[in-house]
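*Asks:* Got a file for you: entry.pdb, PDB, C-alpha atoms.
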ATOM      1  CA  MET X   1     -24.204  21.871  -8.917
ATOM      2  CA  ASN X   2     -23.759  19.031  -6.417
ATOM      3  CA  ILE X   3     -22.369  19.737  -2.939
ATOM      4  CA  VAL X   4     -20.965  16.978  -0.747
ATOM      5  CA  THR X   5     -20.396  17.644   2.950
ATOM      6  CA  GLY X   6     -17.941  15.883   5.248
ATOM      7  CA  VAL X   7     -15.471  14.747   2.586
ATOM      8  CA  GLY X   8     -12.930  13.984   5.306
ATOM      9  CA  GLY X   9     -14.960  10.808   5.958
ATOM     10  CA  TYR X  10     -15.130   7.645   3.876
ATOM     11  CA  VAL X  11     -18.732   7.746   2.651
ATOM     12  CA  SER X  12     -18.726  11.409   1.607
ATOM     13  CA  ALA X  13     -15.306  11.119  -0.027
ATOM     14  CA  SER X  14     -16.518   8.095  -1.993
ATOM     15  CA  VAL X  15     -19.681   9.920  -3.067
ATOM     16  CA  ALA X  16     -17.600  12.888  -4.216
ATOM     17  CA  GLU X  17     -15.240  10.628  -6.167
ATOM     18  CA  ARG X  18     -18.163   9.057  -8.003
ATOM     19  CA  LEU X  19     -19.688  12.449  -8.816
ATOM     20  CA  LEU X  20     -16.333  13.746 -10.017
ATOM     21  CA  GLU X  21     -15.952  10.777 -12.336
ATOM     22  CA  ALA X  22     -19.510  11.083 -13.651
ATOM     23  CA  GLU X  23     -19.748  14.833 -14.209
ATOM     24  CA  GLY X  24     -16.309  16.378 -13.787
ATOM     25  CA  ALA X  25     -15.036  19.067 -11.443
ATOM     26  CA  ASP X  26     -17.248  21.832 -12.850
ATOM     27  CA  ARG X  27     -20.358  20.260 -11.349
ATOM     28  CA  LEU X  28     -18.939  19.459  -7.903
ATOM     29  CA  VAL X  29     -18.356  21.316  -4.642
ATOM     30  CA  VAL X  30     -16.905  19.528  -1.620
ATOM     31  CA  ALA X  31     -17.077  20.794   1.949
ATOM     32  CA  SER X  32     -15.102  20.037   5.093
ATOM     33  CA  ARG X  33     -13.662  21.752   8.149
ATOM     34  CA  ASP X  34     -10.306  20.039   7.564
ATOM     35  CA  GLN X  35      -8.032  22.359   5.579
ATOM     36  CA  LYS X  36      -5.704  19.541   4.501
ATOM     37  CA  VAL X  37      -8.651  17.675   3.025
ATOM     38  CA  LEU X  38      -9.803  20.824   1.243
ATOM     39  CA  ASP X  39      -6.326  21.470  -0.156
ATOM     40  CA  ALA X  40      -6.151  17.931  -1.544
ATOM     41  CA  TRP X  41      -9.413  18.411  -3.433
ATOM     42  CA  ARG X  42      -8.354  21.849  -4.687
ATOM     43  CA  ASP X  43      -5.198  20.294  -6.085
ATOM     44  CA  ARG X  44      -7.509  18.178  -8.266
ATOM     45  CA  GLY X  45      -9.372  21.205  -9.571
ATOM     46  CA  VAL X  46     -12.447  20.825  -7.364
ATOM     47  CA  ASP X  47     -14.136  23.769  -5.627
ATOM     48  CA  ALA X  48     -13.484  22.912  -1.969
ATOM     49  CA  ARG X  49     -15.126  25.067   0.706
ATOM     50  CA  TYR X  50     -14.707  25.337   4.456
ATOM     51  CA  ALA X  51     -17.816  24.251   6.346
ATOM     52  CA  ASP X  52     -18.338  23.600  10.047
ATOM     53  CA  TYR X  53     -21.678  22.277  11.275
ATOM     54  CA  ASN X  54     -21.214  24.405  14.399
ATOM     55  CA  ASP X  55     -20.888  27.578  12.302
ATOM     56  CA  LYS X  56     -24.056  28.261  10.356
ATOM     57  CA  ALA X  57     -22.545  31.190   8.442
ATOM     58  CA  SER X  58     -19.805  28.949   7.091
ATOM     59  CA  LEU X  59     -22.450  26.487   5.913
ATOM     60  CA  VAL X  60     -24.453  29.143   4.096
ATOM     61  CA  ASP X  61     -21.299  30.249   2.260
ATOM     62  CA  ALA X  62     -20.334  26.665   1.454
ATOM     63  CA  PHE X  63     -23.778  25.738   0.121
ATOM     64  CA  ARG X  64     -24.327  28.758  -2.142
ATOM     65  CA  GLY X  65     -24.905  27.850  -5.775
ATOM     66  CA  GLY X  66     -25.715  24.260  -4.944
ATOM     67  CA  GLU X  67     -28.759  22.448  -6.287
ATOM     68  CA  ARG X  68     -28.346  19.063  -4.581
ATOM     69  CA  LEU X  69     -26.721  18.689  -1.175
ATOM     70  CA  PHE X  70     -25.375  15.427   0.217
ATOM     71  CA  LEU X  71     -25.753  15.958   3.966
ATOM     72  CA  VAL X  72     -23.787  13.394   5.956
ATOM     73  CA  SER X  73     -24.844  13.069   9.589
ATOM     74  CA  ALA X  74     -22.535  14.467  12.259
ATOM     75  CA  MET X  75     -20.683  12.176  14.673
ATOM     76  CA  GLU X  76     -21.706  13.307  18.135
ATOM     77  CA  ALA X  77     -25.121  11.973  19.183
ATOM     78  CA  GLY X  78     -27.617  13.958  21.192
ATOM     79  CA  PRO X  79     -28.311  17.704  21.541
ATOM     80  CA  SER X  80     -25.043  18.714  19.878
ATOM     81  CA  ARG X  81     -25.777  16.759  16.699
ATOM     82  CA  GLN X  82     -29.349  18.012  16.572
ATOM     83  CA  ARG X  83     -28.111  21.602  16.836
ATOM     84  CA  GLN X  84     -25.538  20.969  14.089
ATOM     85  CA  HIS X  85     -28.127  19.429  11.795
ATOM     86  CA  ARG X  86     -30.502  22.328  12.356
ATOM     87  CA  ASN X  87     -27.702  24.667  11.288
ATOM     88  CA  ALA X  88     -27.119  22.623   8.143
ATOM     89  CA  VAL X  89     -30.765  22.434   7.086
ATOM     90  CA  GLU X  90     -31.404  26.117   7.753
ATOM     91  CA  ALA X  91     -28.213  27.004   5.884
ATOM     92  CA  ALA X  92     -29.324  24.921   2.901
ATOM     93  CA  VAL X  93     -32.593  26.852   2.737
ATOM     94  CA  GLU X  94     -30.829  30.215   3.031
ATOM     95  CA  ALA X  95     -28.264  29.270   0.387
ATOM     96  CA  GLY X  96     -30.902  28.283  -2.151
ATOM     97  CA  VAL X  97     -30.312  24.526  -2.196
ATOM     98  CA  GLN X  98     -33.179  22.670  -3.861
ATOM     99  CA  HIS X  99     -32.720  19.048  -2.781
ATOM    100  CA  ILE X 100     -31.135  17.343   0.268
ATOM    101  CA  VAL X 101     -29.920  13.743   0.323
ATOM    102  CA  TYR X 102     -29.416  12.808   3.984
ATOM    103  CA  THR X 103     -27.679   9.821   5.575
ATOM    104  CA  SER X 104     -30.313   8.637   8.031
ATOM    105  CA  PHE X 105     -30.799   5.266   9.716
ATOM    106  CA  ILE X 106     -33.078   2.335   9.130
ATOM    107  CA  GLY X 107     -36.396   2.464  10.968
ATOM    108  CA  THR X 108     -36.405   6.221  11.477
ATOM    109  CA  GLU X 109     -39.808   6.626   9.832
ATOM    110  CA  ARG X 110     -41.426   4.035  12.146
ATOM    111  CA  PRO X 111     -42.872   5.417  15.411
ATOM    112  CA  GLU X 112     -42.210   2.173  17.301
ATOM    113  CA  VAL X 113     -38.449   2.352  16.620
ATOM    114  CA  ASN X 114     -36.562   4.309  19.258
ATOM    115  CA  SER X 115     -32.986   4.759  20.406
ATOM    116  CA  VAL X 116     -30.655   7.656  21.177
ATOM    117  CA  GLU X 117     -29.213   7.455  17.655
ATOM    118  CA  VAL X 118     -32.578   7.184  15.936
ATOM    119  CA  ALA X 119     -33.923  10.169  17.893
ATOM    120  CA  ASP X 120     -31.342  12.396  16.186
ATOM    121  CA  HIS X 121     -32.273  11.080  12.749
ATOM    122  CA  LYS X 122     -35.995  11.477  13.405
ATOM    123  CA  PHE X 123     -35.326  15.059  14.473
ATOM    124  CA  THR X 124     -33.280  15.765  11.344
ATOM    125  CA  GLU X 125     -35.715  14.105   8.961
ATOM    126  CA  GLY X 126     -38.436  16.270  10.468
ATOM    127  CA  LEU X 127     -36.388  19.420   9.850
ATOM    128  CA  ILE X 128     -35.723  18.442   6.242
ATOM    129  CA  GLN X 129     -39.332  17.506   5.503
ATOM    130  CA  ALA X 130     -40.541  20.811   7.004
ATOM    131  CA  SER X 131     -37.948  22.858   5.097
ATOM    132  CA  GLY X 132     -39.856  22.983   1.817
ATOM    133  CA  LEU X 133     -36.917  21.422  -0.034
ATOM    134  CA  ARG X 134     -37.097  18.187  -1.970
ATOM    135  CA  TRP X 135     -35.397  15.313  -0.201
ATOM    136  CA  ASN X 136     -34.257  11.724  -0.103
ATOM    137  CA  MET X 137     -33.388   9.855   3.081
ATOM    138  CA  LEU X 138     -30.848   7.065   2.883
ATOM    139  CA  ARG X 139     -32.017   4.930   5.783
ATOM    140  CA  ASN X 140     -28.893   2.824   6.095
ATOM    141  CA  ASN X 141     -28.612  -0.388   8.054
ATOM    142  CA  GLN X 142     -25.589  -0.844  10.327
ATOM    143  CA  TYR X 143     -22.252  -0.589   8.544
ATOM    144  CA  ALA X 144     -20.617  -3.927   7.825
ATOM    145  CA  ASP X 145     -17.257  -2.138   7.933
ATOM    146  CA  ALA X 146     -17.667  -1.584  11.691
ATOM    147  CA  MET X 147     -17.886  -5.346  12.119
ATOM    148  CA  ALA X 148     -15.010  -6.110   9.737
ATOM    149  CA  GLU X 149     -12.736  -3.586  11.443
ATOM    150  CA  ASN X 150     -13.552  -2.457  15.005
ATOM    151  CA  GLN X 151     -15.657  -5.401  16.153
ATOM    152  CA  ALA X 152     -13.160  -7.906  14.767
ATOM    153  CA  ALA X 153     -10.151  -6.212  16.367
ATOM    154  CA  ILE X 154     -11.820  -5.973  19.783
ATOM    155  CA  ALA X 155     -13.042  -9.585  19.705
ATOM    156  CA  ILE X 156      -9.636 -10.965  18.688
ATOM    157  CA  THR X 157      -7.620  -9.001  21.250
ATOM    158  CA  SER X 158     -10.066  -9.411  24.150
ATOM    159  CA  GLY X 159     -11.247 -12.932  23.348
ATOM    160  CA  GLN X 160     -14.828 -11.780  23.780
ATOM    161  CA  SER X 161     -17.636 -10.499  21.604
ATOM    162  CA  ILE X 162     -19.908  -8.649  24.005
ATOM    163  CA  GLY X 163     -23.350  -7.217  23.341
ATOM    164  CA  ASN X 164     -26.957  -6.907  24.448
ATOM    165  CA  THR X 165     -28.449  -7.764  21.063
ATOM    166  CA  GLY X 166     -29.726 -11.273  21.836
ATOM    167  CA  GLU X 167     -30.552 -13.137  18.644
ATOM    168  CA  GLY X 168     -31.634  -9.987  16.832
ATOM    169  CA  LEU X 169     -30.692  -9.868  13.165
ATOM    170  CA  VAL X 170     -29.039  -7.087  11.170
ATOM    171  CA  GLY X 171     -28.803  -6.480   7.412
ATOM    172  CA  PHE X 172     -25.215  -5.185   7.595
ATOM    173  CA  VAL X 173     -24.367  -2.955   4.612
ATOM    174  CA  ALA X 174     -20.949  -1.966   3.266
ATOM    175  CA  ARG X 175     -20.121   1.736   3.302
ATOM    176  CA  SER X 176     -19.068   1.494  -0.340
ATOM    177  CA  ASP X 177     -22.569   0.314  -1.262
ATOM    178  CA  VAL X 178     -24.140   3.192   0.672
ATOM    179  CA  ALA X 179     -21.888   5.644  -1.177
ATOM    180  CA  ALA X 180     -22.775   4.122  -4.542
ATOM    181  CA  VAL X 181     -26.500   4.493  -3.844
ATOM    182  CA  ALA X 182     -26.010   8.053  -2.588
ATOM    183  CA  ALA X 183     -24.082   9.048  -5.707
ATOM    184  CA  ALA X 184     -26.797   7.597  -7.953
ATOM    185  CA  ILE X 185     -29.464   9.628  -6.150
ATOM    186  CA  MET X 186     -27.324  12.765  -6.277
ATOM    187  CA  LEU X 187     -27.168  12.225 -10.037
ATOM    188  CA  GLY X 188     -30.957  12.113 -10.264
ATOM    189  CA  ALA X 189     -31.948   8.491  -9.714
ATOM    190  CA  GLY X 190     -34.935   7.603  -7.558
ATOM    191  CA  GLU X 191     -38.073   9.484  -6.655
ATOM    192  CA  PRO X 192     -38.015  12.795  -4.772
ATOM    193  CA  ASP X 193     -39.404  12.994  -1.244
ATOM    194  CA  THR X 194     -38.740   9.297  -0.718
ATOM    195  CA  GLY X 195     -36.758   7.335   1.841
ATOM    196  CA  TYR X 196     -34.765   4.253   0.878
ATOM    197  CA  ASP X 197     -33.701   1.456   3.217
ATOM    198  CA  VAL X 198     -30.120   0.614   2.197
ATOM    199  CA  THR X 199     -29.087  -2.865   3.347
ATOM    200  CA  GLY X 200     -26.678  -5.694   2.699
ATOM    201  CA  PRO X 201     -27.576  -9.081   1.199
ATOM    202  CA  GLU X 202     -28.198 -11.167   4.335
ATOM    203  CA  LEU X 203     -29.400 -11.068   7.925
ATOM    204  CA  LEU X 204     -26.892 -11.977  10.639
ATOM    205  CA  SER X 205     -26.930 -11.889  14.434
ATOM    206  CA  TYR X 206     -24.025 -10.565  16.475
ATOM    207  CA  ARG X 207     -23.495 -14.159  17.549
ATOM    208  CA  GLN X 208     -22.985 -15.156  13.924
ATOM    209  CA  VAL X 209     -20.675 -12.192  13.383
ATOM    210  CA  GLY X 210     -18.525 -13.377  16.300
ATOM    211  CA  GLU X 211     -18.448 -16.888  14.878
ATOM    212  CA  ILE X 212     -17.245 -15.607  11.497
ATOM    213  CA  ILE X 213     -14.501 -13.551  13.190
ATOM    214  CA  ALA X 214     -13.394 -16.607  15.161
ATOM    215  CA  GLU X 215     -13.367 -18.778  12.049
ATOM    216  CA  LEU X 216     -11.417 -16.338   9.884
ATOM    217  CA  SER X 217      -8.955 -15.229  12.573
ATOM    218  CA  GLY X 218      -8.313 -18.542  14.332
ATOM    219  CA  ALA X 219      -8.776 -16.722  17.653
ATOM    220  CA  PRO X 220     -10.822 -18.285  20.467
ATOM    221  CA  ILE X 221     -13.730 -15.907  21.015
ATOM    222  CA  THR X 222     -16.385 -16.218  23.697
ATOM    223  CA  ILE X 223     -19.698 -14.653  22.741
ATOM    224  CA  VAL X 224     -21.205 -12.918  25.751
ATOM    225  CA  ASP X 225     -24.788 -11.662  25.657
ATOM    226  CA  LEU X 226     -25.492  -9.243  28.498
ATOM    227  CA  SER X 227     -28.650  -7.682  29.839
ATOM    228  CA  ASP X 228     -29.100  -3.933  29.418
ATOM    229  CA  ASP X 229     -28.253  -3.340  33.086
ATOM    230  CA  GLU X 230     -25.092  -5.433  32.743
ATOM    231  CA  MET X 231     -24.077  -3.445  29.663
ATOM    232  CA  TYR X 232     -24.536  -0.180  31.522
ATOM    233  CA  ALA X 233     -22.503  -1.525  34.457
ATOM    234  CA  MET X 234     -19.674  -2.565  32.130
ATOM    235  CA  TRP X 235     -19.493   0.864  30.469
ATOM    236  CA  ASP X 236     -19.803   2.621  33.841
ATOM    237  CA  ALA X 237     -16.803   0.649  35.131
ATOM    238  CA  LEU X 238     -14.787   1.734  32.087
ATOM    239  CA  GLY X 239     -15.559   5.411  32.654
ATOM    240  CA  VAL X 240     -17.963   5.809  29.740
ATOM    241  CA  PRO X 241     -20.598   8.502  30.416
ATOM    242  CA  ARG X 242     -24.264   7.635  30.140
ATOM    243  CA  ASP X 243     -25.141  10.492  27.760
ATOM    244  CA  ALA X 244     -23.423  12.671  25.179
ATOM    245  CA  THR X 245     -23.119  15.640  27.549
ATOM    246  CA  GLY X 246     -21.022  13.654  30.046
ATOM    247  CA  ASP X 247     -17.288  13.680  30.751
ATOM    248  CA  PHE X 248     -15.399  11.698  28.096
ATOM    249  CA  SER X 249     -11.923  12.545  29.424
ATOM    250  CA  LYS X 250     -11.404   9.012  30.786
ATOM    251  CA  SER X 251     -13.649   7.137  28.376
ATOM    252  CA  PRO X 252     -12.006   4.543  26.094
ATOM    253  CA  VAL X 253     -14.664   5.179  23.411
ATOM    254  CA  PRO X 254     -16.214   8.388  22.009
ATOM    255  CA  TRP X 255     -19.812   7.164  22.380
ATOM    256  CA  ALA X 256     -22.147   7.443  25.366
ATOM    257  CA  SER X 257     -23.508   4.239  26.856
ATOM    258  CA  ASP X 258     -27.139   5.346  26.404
ATOM    259  CA  GLY X 259     -26.564   5.288  22.659
ATOM    260  CA  MET X 260     -24.824   1.908  22.651
ATOM    261  CA  VAL X 261     -27.302   0.184  24.956
ATOM    262  CA  THR X 262     -30.414   1.503  23.194
ATOM    263  CA  PHE X 263     -28.854   0.533  19.858
ATOM    264  CA  GLY X 264     -28.564  -3.024  21.160
ATOM    265  CA  GLN X 265     -32.190  -2.885  22.225
ATOM    266  CA  MET X 266     -33.172  -1.922  18.669
ATOM    267  CA  ILE X 267     -31.369  -4.927  17.260
ATOM    268  CA  ARG X 268     -32.824  -7.272  19.893
ATOM    269  CA  ALA X 269     -36.324  -6.032  19.056
ATOM    270  CA  GLY X 270     -35.813  -6.910  15.382
ATOM    271  CA  HIS X 271     -35.829  -3.353  14.023
ATOM    272  CA  LEU X 272     -32.662  -3.877  11.923
ATOM    273  CA  ALA X 273     -33.836  -7.197  10.460
ATOM    274  CA  ARG X 274     -34.577  -5.732   7.049
ATOM    275  CA  LEU X 275     -33.283  -6.538   3.577
ATOM    276  CA  THR X 276     -34.042  -4.571   0.407
ATOM    277  CA  ASP X 277     -32.956  -4.554  -3.226
ATOM    278  CA  VAL X 278     -32.000  -0.863  -3.092
ATOM    279  CA  VAL X 279     -28.260  -1.378  -3.652
ATOM    280  CA  GLU X 280     -28.746  -3.559  -6.709
ATOM    281  CA  ARG X 281     -31.582  -1.417  -8.048
ATOM    282  CA  PHE X 282     -29.559   1.799  -7.930
ATOM    283  CA  THR X 283     -26.095   0.470  -8.744
ATOM    284  CA  GLY X 284     -26.644  -2.631 -10.894
ATOM    285  CA  SER X 285     -24.451  -4.661  -8.519
ATOM    286  CA  LYS X 286     -25.379  -6.942  -5.656
ATOM    287  CA  PRO X 287     -24.490  -5.625  -2.167
ATOM    288  CA  ARG X 288     -21.316  -6.904  -0.562
ATOM    289  CA  ALA X 289     -21.547  -9.701   2.010
ATOM    290  CA  LEU X 290     -19.988  -9.231   5.448
ATOM    291  CA  ARG X 291     -17.821 -12.336   5.103
ATOM    292  CA  ASP X 292     -16.322 -11.016   1.860
ATOM    293  CA  LEU X 293     -15.597  -7.690   3.523
ATOM    294  CA  MET X 294     -13.910  -9.470   6.437
ATOM    295  CA  LEU X 295     -11.754 -11.514   4.084
ATOM    296  CA  GLU X 296     -10.666  -8.267   2.456
ATOM    297  CA  ARG X 297      -9.850  -6.565   5.775
ATOM    298  CA  ARG X 298      -8.398  -9.615   7.526
ATOM    299  CA  ASP X 299      -4.778  -8.633   6.829
ATOM    300  CA  GLY X 300      -5.289  -5.605   9.065
ATOM    301  CA  TRP X 301      -6.572  -7.612  12.030
ATOM    302  CA  PRO X 302      -4.406  -8.112  15.116
ATOM    303  CA  PRO X 303      -2.816 -11.584  15.336
ATOM    304  CA  ALA X 304      -4.642 -14.306  17.221
ATOM    305  CA  PRO X 305      -3.289 -14.811  20.765
ATOM    306  CA  ALA X 306      -0.330 -17.143  21.184
ATOM    307  CA  GLY X 307      -1.466 -20.748  21.351
ATOM    308  CA  ALA X 308      -4.541 -20.155  19.211
ATOM    309  CA  GLY X 309      -4.533 -21.989  15.947
ATOM    310  CA  ALA X 310      -6.538 -24.086  13.565
ATOM    311  CA  GLY X 311      -8.058 -26.016  16.443
ATOM    312  CA  ALA X 312      -9.394 -22.872  18.101
ATOM    313  CA  GLN X 313     -11.661 -21.582  15.392
ATOM    314  CA  GLY X 314     -14.991 -22.045  17.100
ATOM    315  CA  ALA X 315     -16.864 -19.510  19.161
ATOM    316  CA  ASP X 316     -17.922 -20.447  22.672
ATOM    317  CA  VAL X 317     -21.157 -19.107  24.070
ATOM    318  CA  ALA X 318     -21.497 -17.740  27.579
TER     319      ALA X 318
END
Would you kindly transcribe this structure into structure tokens?
*Replies:*
Amino acid sequence: MNIVTGVGGYVSASVAERLLEAEGADRLVVASRDQKVLDAWRDRGVDARYADYNDKASLVDAFRGGERLFLVSAMEAGPSRQRQHRNAVEAAVEAGVQHIVYTSFIGTERPEVNSVEVADHKFTEGLIQASGLRWNMLRNNQYADAMAENQAAIAITSGQSIGNTGEGLVGFVARSDVAAVAAAIMLGAGEPDTGYDVTGPELLSYRQVGEIIAELSGAPITIVDLSDDEMYAMWDALGVPRDATGDFSKSPVPWASDGMVTFGQMIRAGHLARLTDVVERFTGSKPRALRDLMLERRDGWPPAPAGAGAGAQGADVA
């Protein structure tokens, strides 16, 4: 029996869909804390169970009878996420799960790679490896979808693409490709007790991402590369707390600045400049390019500011 957590989110829902198509409802359990999501899966004949990472007992109940568990990482970085992941791993052991497939992040196995986000994944990988269960880590590069959606919308409406990444390169990977690899591993592909770096087909800098957004949108976009201190000052001025335990009541984003700034440092240091053949090896298809994803999502972008047009398709550099 395969169990997929977090099916209210895109990646887990896509994994579950692929498993349902491959093996049918009798071999699938989905888990979520969202009752509407659970009801929708039940309507399709799938065993859908309530599970909350903050409630270990609910996880034990949800995981019972499962052989392979797709464990999607929780959203909130820092101590809260580490506590939630400990609950999930301990619950998997208690419930008799045999194999965990975990959505980690690229570079987690390397001691020289550090950031707030990576610290959580290192912690969780350690729990899984010490659990006695078989495992696979999907060490995903940064999602291309975040660039094709959030980054594009912010750059077009603000006229700026701001970061502290320098000329660091990233092997942006589409969420759909991550889900396809995850489903293949859940179905038995790959080697146990192995981590896989899941990446897109090319390396791009944030500068190049901004240039593609400007080209495809027709919006004038200034690419601004800030120092770490300047990034902190910008987030401080917007009311964003430094760490995950801070006050988010006035923050325009749900992420702490420590996480965002140290993530930029990782990119600048070259830790995300990795490409692999994992997507093609496990799925038989080449990974999706960021430009193609942007062309697909472009209809959902905000309009370019008035006065911008074909002559304003470049990206200035500040």
*Asks:* In Å to one decimal, how far is CA of Lys122 (chain X) from CA of Arg110 (chain X)?
*Replies:*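 Computing the Euclidean distance for CA of Arg110 (chain X) and CA of Lys122 (chain X) yields 9.3 Å.
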*Asks:* Please determine, counting all atoms listed in the file, which residue among X:Val118, X:Leu272, X:Leu293, X:Ala152 has the shortest atom-to-atom distance to Asp197 (chain X).
*Replies:*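 Answer, going by the shortest atom-to-atom distance: X:Leu272.
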*Asks:* Please indicate the distance in Å from CA of Gly8 (chain X) to CA of Val89 (chain X), rounded to one decimal place.
*Replies:*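 Computed distance, CA of Gly8 (chain X) to CA of Val89 (chain X), equals 19.8 Å.
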*Asks:* Go ahead and compute the interatomic distance for CA of Asp177 (chain X) and CA of Arg288 (chain X), in Å to one decimal.
*Replies:* 7.4 Å
*Asks:* Which is closest to Pro303 (chain X) among X:Ala57, X:Ala22, X:Ile156, X:Leu238, if we use all atoms listed in the file?
*Replies:* X:Ile156
*Asks:* Taking all atoms listed in the file into account, name the residue in X:Ile3, X:Val29, X:Val209, X:Val261 that is nearest to Met234 (chain X).
*Replies:*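 Of the candidates, the smallest distance to Met234 (chain X) is held by X:Val261.
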*Asks:* With only C-alpha atoms as the basis for distance, which of X:His271, X:Phe248, X:Lys286, X:Asp34 is at the shortest distance from Pro111 (chain X)?
*Replies:*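 Ranking X:His271, X:Phe248, X:Lys286, X:Asp34 by distance to Pro111 (chain X), first place goes to X:His271.
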*Asks:* I want to know what sits within 12 Å of Ser176 (chain X), based on all atoms listed in the file, with residues of the same chain fewer than 5 positions away left out; could you give that as a list in words?
*Replies:*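 Those residues are Gly9, Tyr10, Val11, Ser12, Ala13, Ser14, Val15, Glu17, Arg18, Asn140, Tyr143, Ala144, Asp145, Val181, Ala182, Ala183, Val198, Thr199, Gly200, Val279, Thr283, Ser285, Lys286, Pro287, Arg288, Ala289 and Leu293 of chain X.
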*Asks:* For each of X:Thr245, X:Thr108, X:Ser58, X:Thr276, take the minimum atom-to-atom distance to Asp258 (chain X), counting all atoms listed in the file, then give the residue where this is smallest.
*Replies:*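 Closest candidate: X:Thr245.
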*Asks:* Looking at X:Ala51, X:Leu204, X:Ala269, X:Met1, which one is nearest to Leu69 (chain X), with distances taken over all atoms listed in the file?
*Replies:*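 Nearest to Leu69 (chain X): X:Met1.
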*Asks:* Generate a file for region 63-102 of chain X, containing C-alpha atoms, as a PDB file, in the first residue's frame.
*Replies:*
ATOM      1  CA  PHE X  63      -0.043   5.603   8.088  1.00  0.00           C
ATOM      2  CA  ARG X  64      -1.247   2.202   9.324  1.00  0.00           C
ATOM      3  CA  GLY X  65      -1.127  -0.506   6.677  1.00  0.00           C
ATOM      4  CA  GLY X  66       1.216   1.478   4.484  1.00  0.00           C
ATOM      5  CA  GLU X  67       4.376   0.035   2.973  1.00  0.00           C
ATOM      6  CA  ARG X  68       5.731   3.105   1.164  1.00  0.00           C
ATOM      7  CA  LEU X  69       5.149   6.631   2.430  1.00  0.00           C
ATOM      8  CA  PHE X  70       5.557   9.764   0.330  1.00  0.00           C
ATOM      9  CA  LEU X  71       6.467  12.360   2.960  1.00  0.00           C
ATOM     10  CA  VAL X  72       6.167  15.894   1.611  1.00  0.00           C
ATOM     11  CA  SER X  73       8.002  18.520   3.649  1.00  0.00           C
ATOM     12  CA  ALA X  74       5.941  20.920   5.749  1.00  0.00           C
ATOM     13  CA  MET X  75       5.722  24.623   4.882  1.00  0.00           C
ATOM     14  CA  GLU X  76       6.903  26.461   7.971  1.00  0.00           C
ATOM     15  CA  ALA X  77      10.703  26.559   8.277  1.00  0.00           C
ATOM     16  CA  GLY X  78      12.548  26.267  11.551  1.00  0.00           C
ATOM     17  CA  PRO X  79      11.728  24.559  14.875  1.00  0.00           C
ATOM     18  CA  SER X  80       8.060  24.061  13.997  1.00  0.00           C
ATOM     19  CA  ARG X  81       8.836  22.132  10.811  1.00  0.00           C
ATOM     20  CA  GLN X  82      11.486  20.047  12.539  1.00  0.00           C
ATOM     21  CA  ARG X  83       8.991  19.105  15.255  1.00  0.00           C
ATOM     22  CA  GLN X  84       6.378  18.221  12.616  1.00  0.00           C
ATOM     23  CA  HIS X  85       8.824  16.076  10.680  1.00  0.00           C
ATOM     24  CA  ARG X  86       9.888  14.259  13.831  1.00  0.00           C
ATOM     25  CA  ASN X  87       6.227  13.444  14.450  1.00  0.00           C
ATOM     26  CA  ALA X  88       5.872  12.102  10.916  1.00  0.00           C
ATOM     27  CA  VAL X  89       8.974   9.907  10.990  1.00  0.00           C
ATOM     28  CA  GLU X  90       8.198   8.503  14.431  1.00  0.00           C
ATOM     29  CA  ALA X  91       4.606   7.867  13.356  1.00  0.00           C
ATOM     30  CA  ALA X  92       5.810   6.003  10.266  1.00  0.00           C
ATOM     31  CA  VAL X  93       7.908   3.700  12.441  1.00  0.00           C
ATOM     32  CA  GLU X  94       5.043   3.092  14.875  1.00  0.00           C
ATOM     33  CA  ALA X  95       2.584   2.430  12.050  1.00  0.00           C
ATOM     34  CA  GLY X  96       4.799  -0.183  10.425  1.00  0.00           C
ATOM     35  CA  VAL X  97       5.780   1.732   7.288  1.00  0.00           C
ATOM     36  CA  GLN X  98       8.733   0.122   5.520  1.00  0.00           C
ATOM     37  CA  HIS X  99      10.012   2.820   3.158  1.00  0.00           C
ATOM     38  CA  ILE X 100       9.926   6.655   3.176  1.00  0.00           C
ATOM     39  CA  VAL X 101      10.307   8.824   0.080  1.00  0.00           C
ATOM     40  CA  TYR X 102      11.003  12.368   1.298  1.00  0.00           C
TER      41      TYR X 102
END
